[in-house]
$ cat entry.cif   # mmCIF, C-alpha atoms
data_data
#
loop_
_atom_site.label_atom_id
_atom_site.label_comp_id
_atom_site.auth_asym_id
_atom_site.auth_seq_id
_atom_site.Cartn_x
_atom_site.Cartn_y
_atom_site.Cartn_z
CA TYR Q 1039 0.00 0.00 0.00
CA ASN Q 1040 0.96 3.63 -0.46
CA LEU Q 1041 0.10 6.24 2.15
CA TYR Q 1042 0.09 9.99 1.42
CA ILE Q 1043 -0.06 12.38 4.37
CA HIS Q 1044 -0.39 16.06 3.59
CA ASP Q 1045 1.08 18.62 6.02
CA PHE Q 1046 2.69 16.08 8.35
CA PRO Q 1047 5.33 17.92 10.42
CA LYS Q 1048 8.61 16.98 8.73
CA ASP Q 1049 10.68 17.67 11.82
CA GLU Q 1050 8.58 15.22 13.85
CA PHE Q 1051 9.24 12.54 11.26
CA ILE Q 1052 12.94 12.50 12.17
CA GLN Q 1053 12.09 12.28 15.86
CA ARG Q 1054 9.66 9.37 15.34
CA PHE Q 1055 12.23 7.32 13.41
CA PHE Q 1056 15.34 8.71 15.11
CA ASN Q 1057 17.09 5.37 15.76
CA ASP Q 1058 15.80 3.37 12.79
CA GLU Q 1059 18.29 2.43 10.10
CA VAL Q 1060 17.70 4.03 6.70
CA GLU Q 1061 19.11 2.83 3.40
CA ASP Q 1062 19.77 5.33 0.60
CA LEU Q 1063 19.12 8.23 2.94
CA TYR Q 1064 18.73 11.66 1.42
CA LEU Q 1065 18.18 14.70 3.67
CA GLU Q 1066 17.97 18.34 2.70
CA TYR Q 1067 17.46 20.79 5.54
CA PHE Q 1068 18.08 24.31 6.77
CA ASP Q 1069 20.19 24.61 9.93
CA LEU Q 1070 18.91 27.52 12.02
CA ASP Q 1071 22.11 27.65 14.10
CA THR Q 1072 24.51 28.08 11.17
CA ARG Q 1073 21.90 29.64 8.83
CA LEU Q 1074 23.01 27.25 6.06
CA ASP Q 1075 21.25 24.83 3.74
CA LYS Q 1076 22.68 21.33 4.15
CA LYS Q 1077 22.36 18.03 2.30
CA ILE Q 1078 23.14 14.53 3.49
CA THR Q 1079 23.31 11.41 1.37
CA ASN Q 1080 24.31 8.12 2.91
CA TYR Q 1081 23.93 4.50 1.88
CA ARG Q 1082 23.07 3.21 5.36
CA ALA Q 1083 22.62 5.44 8.42
CA ASN Q 1084 20.34 6.52 11.24
CA PHE Q 1085 19.06 10.05 11.79
CA SER Q 1086 20.81 9.82 15.16
CA ASP Q 1087 24.16 9.63 13.29
CA PHE Q 1088 23.72 13.26 12.22
CA PHE Q 1089 21.55 14.87 14.90
CA SER Q 1090 20.97 14.77 18.62
CA ILE Q 1091 17.53 15.04 20.18
CA ASP Q 1092 18.57 18.43 21.57
CA ASN Q 1093 19.44 19.99 18.20
CA LEU Q 1094 16.36 18.77 16.31
CA ALA Q 1095 14.64 22.04 17.18
CA SER Q 1096 17.22 23.90 15.07
CA ILE Q 1097 16.55 21.80 11.96
CA GLN Q 1098 13.99 22.70 9.28
CA LEU Q 1099 13.62 19.65 7.06
CA LYS Q 1100 13.01 20.54 3.42
CA SER Q 1101 13.13 17.15 1.73
CA THR Q 1102 13.98 13.56 2.56
CA SER Q 1103 13.78 10.06 1.13
CA GLY Q 1104 15.03 6.56 1.90
CA TYR Q 1105 14.11 3.01 2.77
CA PHE Q 1106 13.49 1.62 6.25
CA TYR Q 1107 14.96 -1.86 6.15
CA ALA Q 1108 13.43 -3.00 9.46
CA HIS Q 1109 9.93 -1.81 8.50
CA ASP Q 1110 10.27 -2.66 4.79
CA PHE Q 1111 8.89 0.53 3.22
CA TYR Q 1112 10.14 3.55 1.29
CA PHE Q 1113 9.50 7.16 2.25
CA MET Q 1114 9.89 10.48 0.51
CA THR Q 1115 8.62 14.02 0.63
CA GLU Q 1116 7.04 15.88 -2.23
CA ASN Q 1117 6.37 19.53 -1.37
CA ASP Q 1118 4.17 19.40 1.77
CA THR Q 1119 3.29 15.70 1.44
CA PHE Q 1120 4.94 12.65 2.97
CA ILE Q 1121 4.69 9.58 0.77
CA PHE Q 1122 5.13 6.13 2.27
CA ASN Q 1123 5.40 3.42 -0.41
CA TYR Q 1124 5.00 -0.34 -0.43
CA ILE Q 1125 3.70 -0.78 3.09
CA HIS Q 1126 2.56 -4.26 4.05
CA ARG Q 1127 -1.03 -4.27 5.25
CA ASN Q 1128 -0.13 -5.76 8.65
CA PHE Q 1129 2.31 -2.87 9.26
CA LEU Q 1130 -0.05 -0.11 8.14
CA SER Q 1131 -1.81 0.12 11.50
CA GLU Q 1132 1.51 0.23 13.37
CA LEU Q 1133 2.83 2.95 11.06
CA LEU Q 1134 -0.20 5.11 11.83
CA ASP Q 1135 0.40 4.59 15.55
CA ILE Q 1136 3.99 5.76 15.11
CA LEU Q 1137 3.14 8.79 12.99
CA LEU Q 1138 0.14 9.94 15.02
CA SER Q 1139 1.37 9.09 18.50
CA GLU Q 1140 0.69 12.61 19.76
CA LEU Q 1141 -3.04 12.42 18.97
CA ASP Q 1142 -5.88 11.07 21.09
CA CYS Q 1143 -6.06 7.27 20.86
CA ASN Q 1144 -9.82 7.35 20.11
CA PHE Q 1145 -9.21 9.58 17.11
CA ILE Q 1146 -6.42 7.31 15.86
CA SER Q 1147 -8.69 4.26 16.20
CA ARG Q 1148 -11.46 5.93 14.21
CA LEU Q 1149 -8.99 7.03 11.55
CA LYS Q 1150 -7.55 3.50 11.25
CA THR Q 1151 -11.05 2.03 10.98
CA GLU Q 1152 -11.91 4.43 8.16
CA LEU Q 1153 -8.64 3.65 6.42
CA LEU Q 1154 -9.14 -0.12 6.62
CA ILE Q 1155 -12.75 0.17 5.42
CA ASN Q 1156 -11.56 2.17 2.41
CA LEU Q 1157 -8.85 -0.42 1.72
CA GLU Q 1158 -11.50 -3.15 1.58
CA PHE Q 1159 -13.32 -1.32 -1.22
CA GLU Q 1160 -10.29 -0.63 -3.43
#
$ encode --input "entry.cif" --output "structure tokens"
Amino acid sequence: YNLYIHDFPKDEFIQRFFNDEVEDLYLEYFDLDTRLDKKITNYRANFSDFFSIDNLASIQLKSTSGYFYAHDFYFMTENDTFIFNYIHRNFLSELLDILLSELDCNFISRLKTELLINLEFE
């Protein structure tokens, strides 16, 4: 399955998957401390290899892409949209829990129910 999420906070994405290994990582961001645009490309790395939890507040993520080996799905940004590609159905619910962990659990449950109902009709 492919999941498109419009206006998902890009900076929170790094925090949610901070210690997960990413293959073919591409990151483009603006560093508020140095006032510079920066790019990172790496074959296999974690976000934690480049940032600490403390300095995430000084990062404005512009664009990113890669592949989470452990979760077996690709991710990328396109303008204000996060695109998650080739997600196995049994992981889709867990991915929503990870991405929406700050929201009320009742809202997440209703959203997942709607999503799964719509998947049945595709």
$ resolve_selection --input "entry.cif" --expression "the PyMOL selection byres ((chain Q and resi 1091) around 12)" --output "list in words"
Asp1049, Glu1050, Ile1052, Gln1053, Arg1054, Phe1055, Phe1056, Asn1057, Phe1085, Ser1086, Asp1087, Phe1088, Phe1089, Ser1090, Asp1092, Asn1093, Leu1094, Ala1095, Ser1096 and Ile1097 of chain Q
$ closest_residue --input "entry.cif" --among "Q:Tyr1081, Q:Phe1113, Q:Phe1068, Q:Phe1120" --to "Asp1045 in chain Q" --atoms "only C-alpha atoms"
Q:Phe1120
$ resolve_selection --input "entry.cif" --expression "the PyMOL selection byres ((chain Q and resi 1041) around 9)" --output "PyMOL selection string"
chain Q and resi 1039-1040+1042-1043+1120-1125+1130
$ resolve_selection --input "entry.cif" --expression "the PyMOL selection byres ((chain Q and resi 1063) around 10)" --output "count of residues only"
21
$ atom_distance --input "entry.cif" --atom1 "CA of Arg1127 in chain Q" --atom2 "CA of Ser1101 in chain Q"
25.9 Å
$ atom_distance --input "entry.cif" --atom1 "CA of Tyr1112 in chain Q" --atom2 "CA of Tyr1067 in chain Q"
19.2 Å
$ atom_distance --input "entry.cif" --atom1 "CA of Phe1129 in chain Q" --atom2 "CA of Ala1108 in chain Q"
11.1 Å
$ closest_residue --input "entry.cif" --among "Q:Asp1118, Q:Asp1069, Q:Arg1148, Q:His1044" --to "Gln1098 in chain Q" --atoms "all atoms listed in the file"
Q:Asp1069
$ closest_residue --input "entry.cif" --among "Q:Asp1110, Q:Glu1116, Q:Glu1066, Q:Asp1075" --to "Phe1046 in chain Q" --atoms "all atoms listed in the file"
Q:Glu1116
$ closest_residue --input "entry.cif" --among "Q:Ser1139, Q:Lys1100, Q:Leu1070, Q:Glu1132" --to "Thr1119 in chain Q" --atoms "only C-alpha atoms"
Q:Lys1100
